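Since the structure comes first, as C-alpha cells, the remarks are kept for the end.
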Amino acid sequence: LGLGGAVGAVAFMLGLGAWQTRNVAPTDPLLPLPVTAMDWTLTNHRGATVTPADWIGRPVMAFFGFTFCPDVCPTTLIDISDWLEALGPDADRLNVVLISVDPERDTPAVLADYLSNFDPRIVGLTGSLSEVQKVAADFRAMFEKLPRDGDYTMNHTAGVFLHRADGRFASIIDFHEDRRFAIPKIRRILT
C-alpha cells in the first residue's frame, strides 16, 4: 500500500467515523448522565451537604428508595449490604448511597435510624422535592407519590445504578436480575 493508498484509507476511516456519529447526541436521553454532568445538592443522613463533585474519584452505587418502603427497598439494601461484605476491603473504595424519593418523611434523622439496620457504608441522601427531582432526572430514574389508605406510598425506579470512578455510567443491577451477576458488575467499576 503506497502513500496515496494510506492517505485514502485514513480519509475513508475518518469519513466513516463522521458518518456513523453524525446523528449521535452527546448523551443518550435514556441513560443516566455521567456524574460529572450532574448538578444537584442533597443532605446526607449525618447532616452534611453532598454534591456530585464529592463522588468523583470513587465508583458509585446509587439506589433510589424510601424508609417506609415495605419490600423492594429493604430487600435491595440487604442485597447491597451482602455485596459490600462479599467485596471485602474493595467495598471501602465505593460511594454507596440510598437517595430518598420521599423527602416529605425522610429527614436526615429518619434516614440515619433506618440505615442503622444495614451496612454502615451506605449513606442516605435527602433534600427538597425539587432537588430530589433533579437528581432523579440526572439518573433517568422516576418516582411518584401514590395515595393509599389515607396515607401514601412511593412508586420508584428499583435498580442499583453503577458509575465508574471517573463519573461515567457503567451499568444497572436490576431488581429482578439474578443476584449472581451483581458482584461481577460491581467489580468492573472497581477496576
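Every chain in the C-alpha cells takes a letter, A first, then B, and so on in the order presented; its residues are numbered from 1, and the ligands are numbered from 1 following the presented order.
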Q | For A:Gly88: contacts at 12 Å, only C-alpha atoms, fewer than 6 positions along chain excluded, given as a ChimeraX atom specification | A | /A:81-82,94,183,187
Can you spit out the residues from that selection as an mmCIF file, in the first residue's frame, using N, CA, C and O atoms?
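Okay, again-v1.cif is ready:
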data_model
loop_
_atom_site.group_PDB
_atom_site.id
_atom_site.type_symbol
_atom_site.label_atom_id
_atom_site.label_comp_id
_atom_site.auth_asym_id
_atom_site.auth_seq_id
_atom_site.Cartn_x
_atom_site.Cartn_y
_atom_site.Cartn_z
ATOM 1 N N SER A 81 -25.836 -4.647 51.246
ATOM 2 C CA SER A 81 -25.009 -4.965 52.418
ATOM 3 C C SER A 81 -24.255 -6.275 52.199
ATOM 4 O O SER A 81 -23.062 -6.372 52.515
ATOM 5 N N ASP A 82 -24.937 -7.272 51.641
ATOM 6 C CA ASP A 82 -24.285 -8.561 51.344
ATOM 7 C C ASP A 82 -23.190 -8.398 50.290
ATOM 8 O O ASP A 82 -22.117 -8.995 50.400
ATOM 9 N N LEU A 94 -15.903 2.399 47.398
ATOM 10 C CA LEU A 94 -17.149 2.797 46.740
ATOM 11 C C LEU A 94 -17.864 3.917 47.486
ATOM 12 O O LEU A 94 -17.815 3.988 48.712
ATOM 13 N N ILE A 183 -22.104 -8.942 41.793
ATOM 14 C CA ILE A 183 -20.702 -8.776 42.195
ATOM 15 C C ILE A 183 -19.796 -8.566 40.979
ATOM 16 O O ILE A 183 -18.964 -7.644 40.990
ATOM 17 N N ARG A 187 -17.496 -5.298 40.538
ATOM 18 C CA ARG A 187 -16.031 -5.421 40.398
ATOM 19 C C ARG A 187 -15.542 -4.681 39.157
ATOM 20 O O ARG A 187 -14.441 -4.119 39.169
#
Q: Just the helix (DSSP H, G or I) stuff from stretch 18-150 of chain A, please, per backbone DSSP, written as number ranges by chain.
A: A: 18-21, 35-37, 52-55, 72-93, 108-115, 129-139
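The space separating atom CA of A:Phe181 from atom CA of A:Arg140 comes to 22.1 Å.
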Could I get the residues of stretch 48-95 of chain A with an atom no further than 9 Å from an atom of stretch 119-136 of chain A, each paired with its nearest atom pair and that distance in Å to one decimal, using only C-alpha atoms, sorted by chain and residue number, as CSV?
residue,atom,partner,partner_atom,distance
A:Val50,CA,A:Leu125,CA,8.0
A:Phe64,CA,A:Ala136,CA,8.1
A:Leu77,CA,A:Asp119,CA,8.2
A:Ile78,CA,A:Asp119,CA,8.2
A:Ile80,CA,A:Asp119,CA,8.0
A:Ser81,CA,A:Asp119,CA,5.0
A:Asp82,CA,A:Asp119,CA,8.3
A:Leu84,CA,A:Asp119,CA,7.7
A:Glu85,CA,A:Asp119,CA,8.4
A:Ala91,CA,A:Arg121,CA,8.5
A:Asp92,CA,A:Arg121,CA,7.6
A:Leu94,CA,A:Arg121,CA,8.6
A:Asn95,CA,A:Ile122,CA,7.9
Q.
DSSP on the backbone, strand (DSSP E) only: what residues of stretch 1-164 of chain A does that give? Format it as a PyMOL selection string.
A. chain A and resi 42-44+49-50+60-65+95-100+122-126+143-148+151-156+160-163
Q. So how many Å separate atom CA of A:Leu98 and atom CA of A:Gly150, to one decimal?
A.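 Result for atom CA of A:Leu98 versus atom CA of A:Gly150: 26.4 Å, one decimal.
Among the candidates A:Thr49, A:Thr41, A:Ser171, A:Thr67, the residue lying nearest to A:Val101 is A:Thr67 (atoms considered: only C-alpha atoms).
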